[in-house]
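Chemist: This is the structure, below, for whatever I ask next.
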Amino acid sequence: MSIRFDDKVAIVTGAGGGLGREYALALAARGAKVVVNDLGGSRDGTGHSDAALKVVEEIKAAGGEAMSNGGSVTEYEQMVEMVAKAKEAWGGVHILINNAGVLRDKSFSKMEIADFELVVNVHLMGTMKPIKAAWEIMRTQNYGRIVVTTSSSGLYGNFGQSNYGAAKLGIIGLMQTLKIEGQKNNIHVNAISPVAATRMTENLGIPPEIFEKLKPEYVTPGVVYLCTEEAPTGAILTAGAGAFALSRVVETEGVYLGEGGLSVEEVRDNWGKITDGSNQQAYFMGGEQSAKFFRKMMES
Ligand code: NAI
């Protein structure tokens, strides 16, 4: 049976172009009513345009339902207003894709504090604020599907992107707690780590024949799956060029070094055991790490 969103209202931030536009078009094509949010700025976050309006026109021309929103994800009041308008028009908010983003790349030694703050503000605070604006509605509905956007730069690092990487992994920290707090109200929170040819990646020196294979629409099925009723929670889906995988944080089983002989040398001498990945695990919540430490202490 094909997946539909006929009774669902979705908000996609930064949906005036690139990946967000694809998500908005795909959700609308499957019956969702979609708020297309976009400030319409340039890649570095300056300026404004009516990018969101154009995507709404595209959706309507294809027979779908959509409204545009030119608010900035960094302005909480504007996000509250956006959510209120969606609820007023369509009765709720069921899906929120946090996709808006900007870049200010520089090596850390040349990075201005202002560029660091701006990028963290747009990505991290600009993910938290739309979620905060929609959270109580989702709790009351007992239903919510939230997708946040991370990046391989946040998960693993990338030269020149200390600001962006810090923000993108901060978003995973936000997801990890919201997935726990949302559980009892059927709010699932997942992350997408996309790779796609957009204006964000066009100056990175990717050869044209490879760039051509990284169409944003190849990422879309994974993101749309994370918006479905059967979506998991707390997953970090990675996607690009038609390939999909899961990224997860794991912790090794480690070693109990006891209370008596604890020393720096013991840590050095046991580094192999501390880092041995053979029984490593991915935890659902932080307390599982402490539980392991106590178990190891009791076992010794
Ligand atoms: P894009 O530049 O085409 O899309 C970002 C959109 O966000 C733009 O339309 C922009 O106007 C909008 N935006 C920026 N600041 C905003 C604000 N304050 N309020 C509302 N909208 C705002 O870039 P792309 O590639 O489509 O990026 C989408 C998301 O995917 C971003 O979060 C990006 O960091 C992430 N990403 C993209 C990758 C790629 O390979 N393209 C790789 C990893 C992550």
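Following the order of the structure tokens, first chain is A, next is B, and so on, with residues numbered from 1 inside each chain and ligands from 1 in the order they appear.
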Could you tell me, counting only C-alpha atoms and all ligand atoms, which protein and nucleic acid residues lie no more than 6 Å from ligand 1, written as a PDB file with N, CA, C and O atoms, in the first residue's frame?

Modeler:
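Output (selection24.pdb):
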ATOM      1  N   THR A  13      10.886  23.779   7.107  1.00  0.00           N
ATOM      2  CA  THR A  13      11.617  25.054   7.160  1.00  0.00           C
ATOM      3  C   THR A  13      12.704  25.065   6.078  1.00  0.00           C
ATOM      4  O   THR A  13      13.230  24.015   5.699  1.00  0.00           O
ATOM      5  N   GLY A  14      12.996  26.252   5.583  1.00  0.00           N
ATOM      6  CA  GLY A  14      14.013  26.387   4.531  1.00  0.00           C
ATOM      7  C   GLY A  14      13.622  25.638   3.267  1.00  0.00           C
ATOM      8  O   GLY A  14      14.468  25.030   2.605  1.00  0.00           O
ATOM      9  N   ALA A  15      12.331  25.684   2.932  1.00  0.00           N
ATOM     10  CA  ALA A  15      11.824  24.863   1.814  1.00  0.00           C
ATOM     11  C   ALA A  15      11.682  25.655   0.514  1.00  0.00           C
ATOM     12  O   ALA A  15      11.029  25.193  -0.426  1.00  0.00           O
ATOM     13  N   GLY A  16      12.327  26.826   0.452  1.00  0.00           N
ATOM     14  CA  GLY A  16      12.246  27.620  -0.773  1.00  0.00           C
ATOM     15  C   GLY A  16      13.150  27.106  -1.882  1.00  0.00           C
ATOM     16  O   GLY A  16      13.045  27.532  -3.038  1.00  0.00           O
ATOM     17  N   GLY A  17      14.035  26.176  -1.584  1.00  0.00           N
ATOM     18  CA  GLY A  17      14.946  25.634  -2.600  1.00  0.00           C
ATOM     19  C   GLY A  17      15.591  24.374  -2.074  1.00  0.00           C
ATOM     20  O   GLY A  17      15.226  23.879  -0.995  1.00  0.00           O
ATOM     21  N   GLY A  18      16.537  23.851  -2.832  1.00  0.00           N
ATOM     22  CA  GLY A  18      17.348  22.708  -2.381  1.00  0.00           C
ATOM     23  C   GLY A  18      16.545  21.530  -1.868  1.00  0.00           C
ATOM     24  O   GLY A  18      15.492  21.162  -2.417  1.00  0.00           O
ATOM     25  N   LEU A  19      17.029  20.932  -0.782  1.00  0.00           N
ATOM     26  CA  LEU A  19      16.399  19.731  -0.218  1.00  0.00           C
ATOM     27  C   LEU A  19      14.999  20.012   0.325  1.00  0.00           C
ATOM     28  O   LEU A  19      14.073  19.224   0.121  1.00  0.00           O
ATOM     29  N   GLY A  20      14.842  21.141   1.020  1.00  0.00           N
ATOM     30  CA  GLY A  20      13.554  21.452   1.646  1.00  0.00           C
ATOM     31  C   GLY A  20      12.430  21.521   0.625  1.00  0.00           C
ATOM     32  O   GLY A  20      11.314  21.052   0.885  1.00  0.00           O
ATOM     33  N   ASP A  38      10.424  29.755   4.311  1.00  0.00           N
ATOM     34  CA  ASP A  38      11.779  30.138   3.874  1.00  0.00           C
ATOM     35  C   ASP A  38      11.926  31.649   3.959  1.00  0.00           C
ATOM     36  O   ASP A  38      11.056  32.399   3.530  1.00  0.00           O
ATOM     37  N   LEU A  39      13.020  32.030   4.524  1.00  0.00           N
ATOM     38  CA  LEU A  39      13.373  33.446   4.607  1.00  0.00           C
ATOM     39  C   LEU A  39      13.795  33.959   3.228  1.00  0.00           C
ATOM     40  O   LEU A  39      13.726  35.145   2.950  1.00  0.00           O
ATOM     41  N   GLY A  40      14.261  33.049   2.403  1.00  0.00           N
ATOM     42  CA  GLY A  40      14.672  33.424   1.051  1.00  0.00           C
ATOM     43  C   GLY A  40      15.996  34.154   0.993  1.00  0.00           C
ATOM     44  O   GLY A  40      16.223  34.973   0.090  1.00  0.00           O
ATOM     45  N   GLY A  41      16.885  33.882   1.930  1.00  0.00           N
ATOM     46  CA  GLY A  41      18.185  34.560   1.936  1.00  0.00           C
ATOM     47  C   GLY A  41      19.200  33.882   1.031  1.00  0.00           C
ATOM     48  O   GLY A  41      18.907  32.881   0.373  1.00  0.00           O
ATOM     49  N   ARG A  43      23.122  32.074   0.484  1.00  0.00           N
ATOM     50  CA  ARG A  43      23.743  30.936   1.150  1.00  0.00           C
ATOM     51  C   ARG A  43      24.329  31.294   2.518  1.00  0.00           C
ATOM     52  O   ARG A  43      24.328  30.494   3.442  1.00  0.00           O
ATOM     53  N   GLY A  45      23.153  33.553   4.482  1.00  0.00           N
ATOM     54  CA  GLY A  45      22.116  34.012   5.408  1.00  0.00           C
ATOM     55  C   GLY A  45      21.737  35.477   5.258  1.00  0.00           C
ATOM     56  O   GLY A  45      20.917  35.987   6.018  1.00  0.00           O
ATOM     57  N   SER A  72      11.705  33.799   9.904  1.00  0.00           N
ATOM     58  CA  SER A  72      13.039  33.245  10.145  1.00  0.00           C
ATOM     59  C   SER A  72      12.974  32.235  11.281  1.00  0.00           C
ATOM     60  O   SER A  72      12.370  32.501  12.326  1.00  0.00           O
ATOM     61  N   VAL A  73      13.621  31.105  11.093  1.00  0.00           N
ATOM     62  CA  VAL A  73      13.653  30.075  12.136  1.00  0.00           C
ATOM     63  C   VAL A  73      14.347  30.553  13.408  1.00  0.00           C
ATOM     64  O   VAL A  73      14.212  29.945  14.453  1.00  0.00           O
ATOM     65  N   THR A  74      15.074  31.666  13.304  1.00  0.00           N
ATOM     66  CA  THR A  74      15.769  32.182  14.487  1.00  0.00           C
ATOM     67  C   THR A  74      14.865  33.076  15.342  1.00  0.00           C
ATOM     68  O   THR A  74      15.266  33.479  16.419  1.00  0.00           O
ATOM     69  N   ASN A  99      14.873  22.039   8.375  1.00  0.00           N
ATOM     70  CA  ASN A  99      15.825  21.892   7.273  1.00  0.00           C
ATOM     71  C   ASN A  99      16.605  23.172   6.984  1.00  0.00           C
ATOM     72  O   ASN A  99      17.667  23.117   6.376  1.00  0.00           O
ATOM     73  N   ALA A 100      16.126  24.323   7.443  1.00  0.00           N
ATOM     74  CA  ALA A 100      16.751  25.611   7.099  1.00  0.00           C
ATOM     75  C   ALA A 100      18.209  25.644   7.533  1.00  0.00           C
ATOM     76  O   ALA A 100      18.566  25.088   8.573  1.00  0.00           O
ATOM     77  N   GLY A 101      19.032  26.274   6.740  1.00  0.00           N
ATOM     78  CA  GLY A 101      20.438  26.355   7.130  1.00  0.00           C
ATOM     79  C   GLY A 101      21.237  27.324   6.289  1.00  0.00           C
ATOM     80  O   GLY A 101      20.823  27.712   5.194  1.00  0.00           O
ATOM     81  N   VAL A 102      22.385  27.741   6.831  1.00  0.00           N
ATOM     82  CA  VAL A 102      23.309  28.636   6.133  1.00  0.00           C
ATOM     83  C   VAL A 102      24.737  28.124   6.349  1.00  0.00           C
ATOM     84  O   VAL A 102      24.966  27.253   7.183  1.00  0.00           O
ATOM     85  N   VAL A 122      21.406  29.863  13.563  1.00  0.00           N
ATOM     86  CA  VAL A 122      20.457  29.442  12.515  1.00  0.00           C
ATOM     87  C   VAL A 122      20.186  27.940  12.618  1.00  0.00           C
ATOM     88  O   VAL A 122      19.029  27.511  12.588  1.00  0.00           O
ATOM     89  N   THR A 149      17.873  18.122  10.879  1.00  0.00           N
ATOM     90  CA  THR A 149      18.887  17.920   9.836  1.00  0.00           C
ATOM     91  C   THR A 149      20.289  18.054  10.407  1.00  0.00           C
ATOM     92  O   THR A 149      20.674  19.118  10.888  1.00  0.00           O
ATOM     93  N   THR A 150      21.028  16.973  10.338  1.00  0.00           N
ATOM     94  CA  THR A 150      22.420  17.009  10.767  1.00  0.00           C
ATOM     95  C   THR A 150      23.309  16.942   9.521  1.00  0.00           C
ATOM     96  O   THR A 150      22.847  17.202   8.403  1.00  0.00           O
ATOM     97  N   SER A 151      24.557  16.590   9.698  1.00  0.00           N
ATOM     98  CA  SER A 151      25.481  16.578   8.568  1.00  0.00           C
ATOM     99  C   SER A 151      26.683  15.702   8.913  1.00  0.00           C
ATOM    100  O   SER A 151      27.051  15.575  10.086  1.00  0.00           O
ATOM    101  N   SER A 193      20.904  12.999   7.670  1.00  0.00           N
ATOM    102  CA  SER A 193      22.219  13.536   7.307  1.00  0.00           C
ATOM    103  C   SER A 193      22.336  13.390   5.795  1.00  0.00           C
ATOM    104  O   SER A 193      22.688  12.331   5.291  1.00  0.00           O
ATOM    105  N   PRO A 194      21.972  14.442   5.051  1.00  0.00           N
ATOM    106  CA  PRO A 194      21.890  14.304   3.599  1.00  0.00           C
ATOM    107  C   PRO A 194      23.203  14.598   2.881  1.00  0.00           C
ATOM    108  O   PRO A 194      24.089  15.252   3.438  1.00  0.00           O
ATOM    109  N   VAL A 195      23.308  14.105   1.680  1.00  0.00           N
ATOM    110  CA  VAL A 195      24.358  14.554   0.748  1.00  0.00           C
ATOM    111  C   VAL A 195      23.649  14.857  -0.560  1.00  0.00           C
ATOM    112  O   VAL A 195      22.999  13.982  -1.134  1.00  0.00           O
ATOM    113  N   ALA A 196      23.715  16.106  -1.003  1.00  0.00           N
ATOM    114  CA  ALA A 196      22.955  16.479  -2.196  1.00  0.00           C
ATOM    115  C   ALA A 196      23.581  17.676  -2.895  1.00  0.00           C
ATOM    116  O   ALA A 196      24.199  18.526  -2.256  1.00  0.00           O
ATOM    117  N   ALA A 197      23.376  17.722  -4.194  1.00  0.00           N
ATOM    118  CA  ALA A 197      23.854  18.841  -4.995  1.00  0.00           C
ATOM    119  C   ALA A 197      22.860  19.991  -4.864  1.00  0.00           C
ATOM    120  O   ALA A 197      21.765  19.948  -5.402  1.00  0.00           O
ATOM    121  N   THR A 198      23.237  20.980  -4.070  1.00  0.00           N
ATOM    122  CA  THR A 198      22.401  22.177  -3.915  1.00  0.00           C
ATOM    123  C   THR A 198      23.344  23.373  -3.939  1.00  0.00           C
ATOM    124  O   THR A 198      24.556  23.211  -4.043  1.00  0.00           O
ATOM    125  N   ARG A 199      22.787  24.551  -3.760  1.00  0.00           N
ATOM    126  CA  ARG A 199      23.679  25.733  -3.745  1.00  0.00           C
ATOM    127  C   ARG A 199      24.663  25.662  -2.574  1.00  0.00           C
ATOM    128  O   ARG A 199      25.712  26.278  -2.598  1.00  0.00           O
ATOM    129  N   MET A 200      24.275  24.882  -1.520  1.00  0.00           N
ATOM    130  CA  MET A 200      25.154  24.766  -0.353  1.00  0.00           C
ATOM    131  C   MET A 200      26.428  23.987  -0.683  1.00  0.00           C
ATOM    132  O   MET A 200      27.462  24.178  -0.065  1.00  0.00           O
ATOM    133  N   THR A 201      26.337  23.076  -1.644  1.00  0.00           N
ATOM    134  CA  THR A 201      27.489  22.220  -1.944  1.00  0.00           C
ATOM    135  C   THR A 201      28.114  22.542  -3.312  1.00  0.00           C
ATOM    136  O   THR A 201      29.053  21.874  -3.725  1.00  0.00           O
TER     137      THR A 201
END

Chemist: Applying 12 Å and only C-alpha atoms, which residues near A:Ser107 remain after dropping the ones on its own chain fewer than 2 positions away? List them as number ranges by chain.

Modeler: A: 104-105, 109-112, 115-116, 158-164

Chemist: Limited to N, CA, C and O atoms, could you put the picked residues into a file as a compact mmCIF listing (two decimals), in the first residue's frame?

Modeler:
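This went into again_1.txt:
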# COMPACT_ATOMS: atom_id res chain seq x y z
N ARG A 104 28.93 29.50 6.74
CA ARG A 104 29.99 30.53 6.84
C ARG A 104 31.29 29.80 7.06
O ARG A 104 31.83 29.80 8.17
N ASP A 105 31.79 29.11 6.05
CA ASP A 105 32.97 28.25 6.20
C ASP A 105 34.27 29.06 6.30
O ASP A 105 34.50 29.98 5.50
N SER A 109 41.15 28.88 12.70
CA SER A 109 42.07 29.98 13.03
C SER A 109 41.61 31.31 12.40
O SER A 109 41.90 32.37 12.92
N LYS A 110 40.87 31.24 11.29
CA LYS A 110 40.41 32.47 10.64
C LYS A 110 38.95 32.79 10.96
O LYS A 110 38.44 33.83 10.58
N MET A 111 38.28 31.89 11.66
CA MET A 111 36.85 32.05 11.93
C MET A 111 36.58 33.24 12.85
O MET A 111 37.20 33.37 13.89
N GLU A 112 35.65 34.11 12.42
CA GLU A 112 35.21 35.22 13.28
C GLU A 112 34.18 34.67 14.27
O GLU A 112 33.37 33.81 13.90
N ASP A 115 30.70 34.74 12.91
CA ASP A 115 30.32 33.68 11.95
C ASP A 115 29.99 32.38 12.69
O ASP A 115 29.15 31.61 12.25
N PHE A 116 30.69 32.15 13.79
CA PHE A 116 30.40 30.96 14.59
C PHE A 116 29.01 31.09 15.21
O PHE A 116 28.16 30.19 15.12
N ASN A 158 34.70 18.18 9.39
CA ASN A 158 35.08 18.59 8.03
C ASN A 158 35.88 19.89 8.12
O ASN A 158 35.48 20.81 8.82
N PHE A 159 36.97 19.94 7.41
CA PHE A 159 37.84 21.13 7.46
C PHE A 159 37.03 22.38 7.11
O PHE A 159 36.31 22.41 6.13
N GLY A 160 37.19 23.41 7.93
CA GLY A 160 36.55 24.70 7.64
C GLY A 160 35.12 24.81 8.15
O GLY A 160 34.44 25.80 7.90
N GLN A 161 34.64 23.78 8.85
CA GLN A 161 33.23 23.81 9.27
C GLN A 161 33.07 23.59 10.78
O GLN A 161 32.16 22.90 11.21
N SER A 162 33.97 24.21 11.58
CA SER A 162 33.84 24.02 13.04
C SER A 162 32.53 24.60 13.54
O SER A 162 31.87 24.01 14.42
N ASN A 163 32.10 25.73 12.98
CA ASN A 163 30.83 26.35 13.42
C ASN A 163 29.65 25.47 13.01
O ASN A 163 28.78 25.12 13.82
N TYR A 164 29.63 25.10 11.77
CA TYR A 164 28.55 24.28 11.21
C TYR A 164 28.51 22.90 11.87
O TYR A 164 27.45 22.40 12.25

Chemist: So which residues of stretch 1-204 of chain A fall under helix (DSSP H, G or I) by DSSP, listed as a ChimeraX atom specification?

Modeler: /A:18-29,51-61,76-90,113-141,152-155,162-181,183-185

Chemist: Just to confirm, what's the straight-line distance from atom CA of A:Asn185 to atom CA of A:Arg139 in Å (one decimal)?

Modeler: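 Result for atom CA of A:Asn185 versus atom CA of A:Arg139: 5.4 Å, one decimal.
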
Chemist: Going by DSSP on the backbone, which residues of stretch 66-115 of chain A come out as strand (DSSP E)? List them as a PyMOL selection string.

Modeler: chain A and resi 66-69+95-97

Chemist: Just write the chosen residues, N, CA, C and O atoms, as a PDB file, in the first residue's frame.

Modeler:
ATOM      1  N   ALA A  66      -1.028  24.178   0.017  1.00  0.00           N
ATOM      2  CA  ALA A  66       0.156  24.692   0.705  1.00  0.00           C
ATOM      3  C   ALA A  66      -0.016  26.164   1.031  1.00  0.00           C
ATOM      4  O   ALA A  66      -0.822  26.851   0.415  1.00  0.00           O
ATOM      5  N   MET A  67       0.733  26.619   2.032  1.00  0.00           N
ATOM      6  CA  MET A  67       0.807  28.059   2.314  1.00  0.00           C
ATOM      7  C   MET A  67       2.277  28.421   2.531  1.00  0.00           C
ATOM      8  O   MET A  67       3.065  27.585   2.965  1.00  0.00           O
ATOM      9  N   SER A  68       2.596  29.662   2.200  1.00  0.00           N
ATOM     10  CA  SER A  68       3.993  30.063   2.363  1.00  0.00           C
ATOM     11  C   SER A  68       4.176  30.806   3.680  1.00  0.00           C
ATOM     12  O   SER A  68       3.217  31.373   4.221  1.00  0.00           O
ATOM     13  N   ASN A  69       5.398  30.793   4.166  1.00  0.00           N
ATOM     14  CA  ASN A  69       5.739  31.520   5.378  1.00  0.00           C
ATOM     15  C   ASN A  69       7.154  32.048   5.223  1.00  0.00           C
ATOM     16  O   ASN A  69       8.071  31.275   4.954  1.00  0.00           O
ATOM     17  N   ILE A  95       3.621  17.102  11.257  1.00  0.00           N
ATOM     18  CA  ILE A  95       4.971  16.814  10.743  1.00  0.00           C
ATOM     19  C   ILE A  95       5.760  18.119  10.718  1.00  0.00           C
ATOM     20  O   ILE A  95       5.243  19.147  10.259  1.00  0.00           O
ATOM     21  N   LEU A  96       6.985  18.064  11.223  1.00  0.00           N
ATOM     22  CA  LEU A  96       7.851  19.246  11.154  1.00  0.00           C
ATOM     23  C   LEU A  96       9.229  18.802  10.679  1.00  0.00           C
ATOM     24  O   LEU A  96       9.880  17.980  11.337  1.00  0.00           O
ATOM     25  N   ILE A  97       9.638  19.315   9.548  1.00  0.00           N
ATOM     26  CA  ILE A  97      10.998  19.028   9.060  1.00  0.00           C
ATOM     27  C   ILE A  97      11.835  20.294   9.238  1.00  0.00           C
ATOM     28  O   ILE A  97      11.566  21.328   8.625  1.00  0.00           O
TER      29      ILE A  97
END
